[in-house]
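Working notes for the structure below.
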Amino acid sequence: MSSIQCVHASAAQRPVEDTLPPALVLLLASSAGFAVASLYYSQPMLGGLGADIGASARTVGFVPTLTQLGYALGLLLLAPLGDRYDRRTIILVKAAVLCVALLAAGAAPSVGLLLAASLAIGLSATLAQDIVPAAAVLAPEARRGKAVGTVMTGLLLGILLSRVVSGFVAEHFGWRSMFVAAAASIALVGVAAWRGLPRFAPTTRMSYGALMGSLVDLWRRHGTLRRATLAQGLVVIGFSAFWSTLAVMLHGAPFHLGSAAAGAFGLAGAAGALAAPLAGRLADSHGPAWVARGSVALTALSFAAMAAAPWLSPHAQLWLLALCAVGFDLGVQATLIAHQTLVYGIEPGARSRLNAILFVGMFIGMAIGSALGALVLAQWGWMAITGLATGSALAALVVRLWPAARR
């Protein structure tokens, strides 16, 4: 790891290399992926998990909701510390807490304790959002979009492939085994980060109170930040509603499919995640605002296409869902890359705080999507999920187009 260690120290905030060392990029991308995957392992397991632990479908639906709310809360209260303290130390502490929280979820004897552990998982999994700004700090400015996009590929693959892995493990070894395996992966992340991550010099000496107060100031001063946060929060409402209800929908008629089948849909979304570096390069060359508008439009189109399902056979419906998942996952992920590129360019010394604001908005949208998804599916069925997802994506498109319309 000597090539990694020489990257940093006093020059952390302005690297002299034209590119990041491949070993460091791999470490950042894989660590972000394993960390954020912890938020999504539960989703494909909800159908069987509820029956095993004696909870209703509506109650067990709060497992992903509390995880995402915990993530948003952790971003708000903890992620800004990356500007004040060494990010490496923060990452190591959060990895230890996340490992314990995952073990607690795997051992939970009741739904109440599982919900508490889910909240703790969300809070500590924010270490992924300490890693992404680290890539922006270490990368040269001209290649920041590409660097962030590459690290985000690892993060996004973690999100999507987590569903594939958890569906398979839950069906063959039980849902508790999945949480134990997840804890082991985070322990490995902690060891790798301890050995391979460089130290980061703080960019501010503000007190914690002043640091939190500066979030409000950043929000007021930067319209770019407000637009990016609002649009990203809206576009993921439908994304979250789809993924948090897919397993329950497939568990019922006419499909009657198990956790593994629901998790396999993550493979479709993973195809979209691989395009994240391309989105970063397009943001560098054509401008992130252009990429954001096109990506949101693709997301809305993909969600709207799911409305054709009632006129298809069950087999054809599965193919339609898979194709739409590729489209909207690509759209959501490219939108996020574009918004991160926009936000990271506002104030280099406040990247952790800017990132926190963006992702708080995003995960509030994710939590709203999970909660609305469970309610909408129970009350009105799957077609209402399609309407919710399409409407939220169109609202995000209006936000992205609004400044251009005003000009």
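Residues in the structure tokens are numbered from 1 in each chain, the chains being A, B, ... in the order shown, and ligands are numbered from 1 in the order shown.
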Distance query region 362-366 of chain A at most 7 Å, only C-alpha atoms, self and fewer than 2 positions along chain excluded, as a PDB file with all heavy atoms, in the first residue's frame:
ATOM      1  N   GLN A  68     -33.333   4.090   5.966  1.00  0.00           N
ATOM      2  CA  GLN A  68     -33.076   5.262   5.137  1.00  0.00           C
ATOM      3  C   GLN A  68     -33.213   6.560   5.923  1.00  0.00           C
ATOM      4  O   GLN A  68     -32.464   7.520   5.698  1.00  0.00           O
ATOM      5  CB  GLN A  68     -34.019   5.234   3.924  1.00  0.00           C
ATOM      6  CG  GLN A  68     -33.621   4.165   2.926  1.00  0.00           C
ATOM      7  CD  GLN A  68     -34.774   3.649   2.095  1.00  0.00           C
ATOM      8  OE1 GLN A  68     -35.868   4.194   2.126  1.00  0.00           O
ATOM      9  NE2 GLN A  68     -34.535   2.570   1.375  1.00  0.00           N
ATOM     10  N   LEU A  69     -34.154   6.604   6.875  1.00  0.00           N
ATOM     11  CA  LEU A  69     -34.251   7.779   7.741  1.00  0.00           C
ATOM     12  C   LEU A  69     -32.998   7.920   8.598  1.00  0.00           C
ATOM     13  O   LEU A  69     -32.499   9.030   8.828  1.00  0.00           O
ATOM     14  CB  LEU A  69     -35.493   7.680   8.625  1.00  0.00           C
ATOM     15  CG  LEU A  69     -36.823   8.075   7.984  1.00  0.00           C
ATOM     16  CD1 LEU A  69     -37.973   7.806   8.951  1.00  0.00           C
ATOM     17  CD2 LEU A  69     -36.818   9.533   7.552  1.00  0.00           C
ATOM     18  N   TYR A  71     -30.084   6.925   7.761  1.00  0.00           N
ATOM     19  CA  TYR A  71     -29.033   7.386   6.855  1.00  0.00           C
ATOM     20  C   TYR A  71     -29.124   8.898   6.646  1.00  0.00           C
ATOM     21  O   TYR A  71     -28.116   9.602   6.696  1.00  0.00           O
ATOM     22  CB  TYR A  71     -29.167   6.655   5.527  1.00  0.00           C
ATOM     23  CG  TYR A  71     -27.926   6.681   4.664  1.00  0.00           C
ATOM     24  CD1 TYR A  71     -26.833   5.893   4.975  1.00  0.00           C
ATOM     25  CD2 TYR A  71     -27.869   7.466   3.517  1.00  0.00           C
ATOM     26  CE1 TYR A  71     -25.710   5.894   4.169  1.00  0.00           C
ATOM     27  CE2 TYR A  71     -26.741   7.475   2.717  1.00  0.00           C
ATOM     28  CZ  TYR A  71     -25.664   6.676   3.038  1.00  0.00           C
ATOM     29  OH  TYR A  71     -24.548   6.682   2.247  1.00  0.00           O
ATOM     30  N   ALA A  72     -30.336   9.385   6.437  1.00  0.00           N
ATOM     31  CA  ALA A  72     -30.516  10.829   6.256  1.00  0.00           C
ATOM     32  C   ALA A  72     -30.114  11.582   7.518  1.00  0.00           C
ATOM     33  O   ALA A  72     -29.454  12.634   7.459  1.00  0.00           O
ATOM     34  CB  ALA A  72     -31.970  11.134   5.895  1.00  0.00           C
ATOM     35  N   THR A 229     -30.551  19.303  -4.835  1.00  0.00           N
ATOM     36  CA  THR A 229     -31.095  18.528  -3.720  1.00  0.00           C
ATOM     37  C   THR A 229     -32.571  18.210  -3.927  1.00  0.00           C
ATOM     38  O   THR A 229     -33.010  17.070  -3.716  1.00  0.00           O
ATOM     39  CB  THR A 229     -30.903  19.296  -2.401  1.00  0.00           C
ATOM     40  OG1 THR A 229     -29.515  19.584  -2.217  1.00  0.00           O
ATOM     41  CG2 THR A 229     -31.413  18.490  -1.220  1.00  0.00           C
ATOM     42  N   GLN A 232     -32.981  15.691  -6.885  1.00  0.00           N
ATOM     43  CA  GLN A 232     -32.537  14.344  -6.526  1.00  0.00           C
ATOM     44  C   GLN A 232     -33.500  13.698  -5.540  1.00  0.00           C
ATOM     45  O   GLN A 232     -33.804  12.505  -5.638  1.00  0.00           O
ATOM     46  CB  GLN A 232     -31.127  14.400  -5.930  1.00  0.00           C
ATOM     47  CG  GLN A 232     -30.450  13.035  -5.833  1.00  0.00           C
ATOM     48  CD  GLN A 232     -30.165  12.436  -7.191  1.00  0.00           C
ATOM     49  OE1 GLN A 232     -29.723  13.122  -8.104  1.00  0.00           O
ATOM     50  NE2 GLN A 232     -30.424  11.137  -7.340  1.00  0.00           N
ATOM     51  N   GLY A 233     -34.002  14.477  -4.585  1.00  0.00           N
ATOM     52  CA  GLY A 233     -34.969  13.936  -3.630  1.00  0.00           C
ATOM     53  C   GLY A 233     -36.244  13.479  -4.298  1.00  0.00           C
ATOM     54  O   GLY A 233     -36.826  12.444  -3.931  1.00  0.00           O
ATOM     55  N   LEU A 234     -36.702  14.216  -5.296  1.00  0.00           N
ATOM     56  CA  LEU A 234     -37.927  13.842  -6.005  1.00  0.00           C
ATOM     57  C   LEU A 234     -37.735  12.600  -6.867  1.00  0.00           C
ATOM     58  O   LEU A 234     -38.592  11.705  -6.885  1.00  0.00           O
ATOM     59  CB  LEU A 234     -38.396  15.011  -6.879  1.00  0.00           C
ATOM     60  CG  LEU A 234     -39.043  16.186  -6.148  1.00  0.00           C
ATOM     61  CD1 LEU A 234     -39.180  17.379  -7.082  1.00  0.00           C
ATOM     62  CD2 LEU A 234     -40.409  15.795  -5.579  1.00  0.00           C
ATOM     63  N   VAL A 236     -35.766  10.092  -6.575  1.00  0.00           N
ATOM     64  CA  VAL A 236     -35.575   8.808  -5.902  1.00  0.00           C
ATOM     65  C   VAL A 236     -36.822   8.336  -5.156  1.00  0.00           C
ATOM     66  O   VAL A 236     -36.832   7.215  -4.640  1.00  0.00           O
ATOM     67  CB  VAL A 236     -34.384   8.863  -4.918  1.00  0.00           C
ATOM     68  CG1 VAL A 236     -33.086   9.142  -5.655  1.00  0.00           C
ATOM     69  CG2 VAL A 236     -34.610   9.863  -3.800  1.00  0.00           C
ATOM     70  N   ILE A 237     -37.869   9.152  -5.075  1.00  0.00           N
ATOM     71  CA  ILE A 237     -39.103   8.690  -4.440  1.00  0.00           C
ATOM     72  C   ILE A 237     -39.632   7.455  -5.173  1.00  0.00           C
ATOM     73  O   ILE A 237     -39.939   6.422  -4.563  1.00  0.00           O
ATOM     74  CB  ILE A 237     -40.156   9.811  -4.400  1.00  0.00           C
ATOM     75  CG1 ILE A 237     -39.760  10.875  -3.370  1.00  0.00           C
ATOM     76  CG2 ILE A 237     -41.541   9.241  -4.063  1.00  0.00           C
ATOM     77  CD1 ILE A 237     -40.692  12.070  -3.321  1.00  0.00           C
ATOM     78  N   SER A 240     -37.182   4.386  -4.834  1.00  0.00           N
ATOM     79  CA  SER A 240     -37.310   3.702  -3.554  1.00  0.00           C
ATOM     80  C   SER A 240     -38.634   2.955  -3.441  1.00  0.00           C
ATOM     81  O   SER A 240     -38.684   1.837  -2.906  1.00  0.00           O
ATOM     82  CB  SER A 240     -37.177   4.717  -2.415  1.00  0.00           C
ATOM     83  OG  SER A 240     -37.284   4.096  -1.165  1.00  0.00           O
ATOM     84  N   LEU A 358     -26.940  17.421   0.046  1.00  0.00           N
ATOM     85  CA  LEU A 358     -27.464  16.725  -1.131  1.00  0.00           C
ATOM     86  C   LEU A 358     -28.026  15.359  -0.752  1.00  0.00           C
ATOM     87  O   LEU A 358     -29.136  14.990  -1.154  1.00  0.00           O
ATOM     88  CB  LEU A 358     -26.357  16.571  -2.178  1.00  0.00           C
ATOM     89  CG  LEU A 358     -26.712  15.747  -3.425  1.00  0.00           C
ATOM     90  CD1 LEU A 358     -27.812  16.417  -4.229  1.00  0.00           C
ATOM     91  CD2 LEU A 358     -25.475  15.525  -4.296  1.00  0.00           C
ATOM     92  N   PHE A 359     -27.282  14.610   0.055  1.00  0.00           N
ATOM     93  CA  PHE A 359     -27.707  13.254   0.368  1.00  0.00           C
ATOM     94  C   PHE A 359     -28.778  13.197   1.446  1.00  0.00           C
ATOM     95  O   PHE A 359     -29.550  12.239   1.500  1.00  0.00           O
ATOM     96  CB  PHE A 359     -26.500  12.385   0.733  1.00  0.00           C
ATOM     97  CG  PHE A 359     -25.828  11.797  -0.475  1.00  0.00           C
ATOM     98  CD1 PHE A 359     -24.887  12.521  -1.183  1.00  0.00           C
ATOM     99  CD2 PHE A 359     -26.172  10.546  -0.928  1.00  0.00           C
ATOM    100  CE1 PHE A 359     -24.280  11.997  -2.310  1.00  0.00           C
ATOM    101  CE2 PHE A 359     -25.581  10.003  -2.057  1.00  0.00           C
ATOM    102  CZ  PHE A 359     -24.633  10.734  -2.757  1.00  0.00           C
ATOM    103  N   VAL A 360     -28.841  14.197   2.308  1.00  0.00           N
ATOM    104  CA  VAL A 360     -29.977  14.263   3.231  1.00  0.00           C
ATOM    105  C   VAL A 360     -31.264  14.400   2.430  1.00  0.00           C
ATOM    106  O   VAL A 360     -32.263  13.695   2.662  1.00  0.00           O
ATOM    107  CB  VAL A 360     -29.828  15.432   4.223  1.00  0.00           C
ATOM    108  CG1 VAL A 360     -31.159  15.733   4.909  1.00  0.00           C
ATOM    109  CG2 VAL A 360     -28.788  15.097   5.288  1.00  0.00           C
ATOM    110  N   ILE A 368     -39.344   8.615   2.117  1.00  0.00           N
ATOM    111  CA  ILE A 368     -40.723   8.914   1.700  1.00  0.00           C
ATOM    112  C   ILE A 368     -41.194   7.870   0.687  1.00  0.00           C
ATOM    113  O   ILE A 368     -42.329   7.371   0.754  1.00  0.00           O
ATOM    114  CB  ILE A 368     -40.809  10.329   1.099  1.00  0.00           C
ATOM    115  CG1 ILE A 368     -40.619  11.379   2.199  1.00  0.00           C
ATOM    116  CG2 ILE A 368     -42.148  10.540   0.387  1.00  0.00           C
ATOM    117  CD1 ILE A 368     -40.486  12.795   1.669  1.00  0.00           C
ATOM    118  N   GLY A 369     -40.315   7.510  -0.253  1.00  0.00           N
ATOM    119  CA  GLY A 369     -40.672   6.509  -1.248  1.00  0.00           C
ATOM    120  C   GLY A 369     -40.980   5.160  -0.637  1.00  0.00           C
ATOM    121  O   GLY A 369     -41.943   4.484  -1.027  1.00  0.00           O
ATOM    122  N   SER A 370     -40.169   4.736   0.346  1.00  0.00           N
ATOM    123  CA  SER A 370     -40.416   3.451   1.011  1.00  0.00           C
ATOM    124  C   SER A 370     -41.746   3.459   1.758  1.00  0.00           C
ATOM    125  O   SER A 370     -42.533   2.507   1.668  1.00  0.00           O
ATOM    126  CB  SER A 370     -39.280   3.143   1.995  1.00  0.00           C
ATOM    127  OG  SER A 370     -38.080   2.881   1.309  1.00  0.00           O
TER     128      SER A 370
END
I want to know what sits within 7 Å of Ser302 (chain A), based on only C-alpha atoms, with residues of the same chain fewer than 4 positions away left out; could you give that as a count of residues only? 4
Go through A:Ala378, A:Leu155, A:Val137, A:Leu188 one by one, measure the shortest atom-to-atom distance of each to Ser352 (chain A) using only C-alpha atoms, and give the residue with the smallest value. A:Val137
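Distances to Val296 (chain A) were evaluated for A:Gly391, A:Pro310, A:Pro348, A:Gly106 using only C-alpha atoms, and the minimum falls at A:Gly391.
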Could you list, as a ChimeraX atom specification, every residue within 8 Å of Val60 (chain A), counting only C-alpha atoms and ignoring same-chain residues fewer than 5 positions away? /A:46,49-50,55,111
Kindly save the residues from that selection, with N, CA, C and O atoms included, as a compact mmCIF listing (two decimals), in the first residue's frame.
# COMPACT_ATOMS: atom_id res chain seq x y z
N LEU A 46 -37.94 -9.05 2.76
CA LEU A 46 -39.09 -8.63 3.56
C LEU A 46 -40.24 -9.62 3.52
O LEU A 46 -40.94 -9.81 4.52
N LEU A 49 -39.07 -12.50 5.78
CA LEU A 49 -38.65 -12.00 7.10
C LEU A 49 -39.85 -11.72 7.99
O LEU A 49 -39.86 -12.06 9.18
N GLY A 50 -40.87 -11.09 7.41
CA GLY A 50 -42.06 -10.75 8.20
C GLY A 50 -42.73 -11.98 8.77
O GLY A 50 -43.12 -12.01 9.95
N ALA A 55 -44.36 -10.42 12.00
CA ALA A 55 -44.74 -9.02 11.76
C ALA A 55 -45.55 -8.93 10.48
O ALA A 55 -45.33 -9.69 9.53
N VAL A 111 -39.50 -7.74 16.07
CA VAL A 111 -39.47 -6.70 15.06
C VAL A 111 -39.06 -5.36 15.66
O VAL A 111 -38.44 -4.53 14.99
Pick out the closest residue to Leu138 (chain A) from this set: A:Leu24, A:Ser177, A:Ala241, A:Gly167. Count only C-alpha atoms. A:Leu24
Ranking A:Ile159, A:Ala116, A:Asp83, A:Val25 by minimum distance to Met212 (chain A) and counting only C-alpha atoms, which one comes first?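 When distances to Met212 (chain A) are compared using only C-alpha atoms, the smallest one comes from A:Asp83.
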Using only C-alpha atoms, which protein or nucleic acid residues come within 9 Å of region 255-257 of chain A? Drop anything in the same chain fewer than 5 positions from it, and give the result as number ranges by chain. A: 247, 249-250, 262, 314-315, 318
For Pro44 (chain A), which of A:Val63, A:Val398, A:Ile91, A:Ala23 is the closest residue, counting only C-alpha atoms?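 For Pro44 (chain A), the nearest of the candidates is A:Val63.
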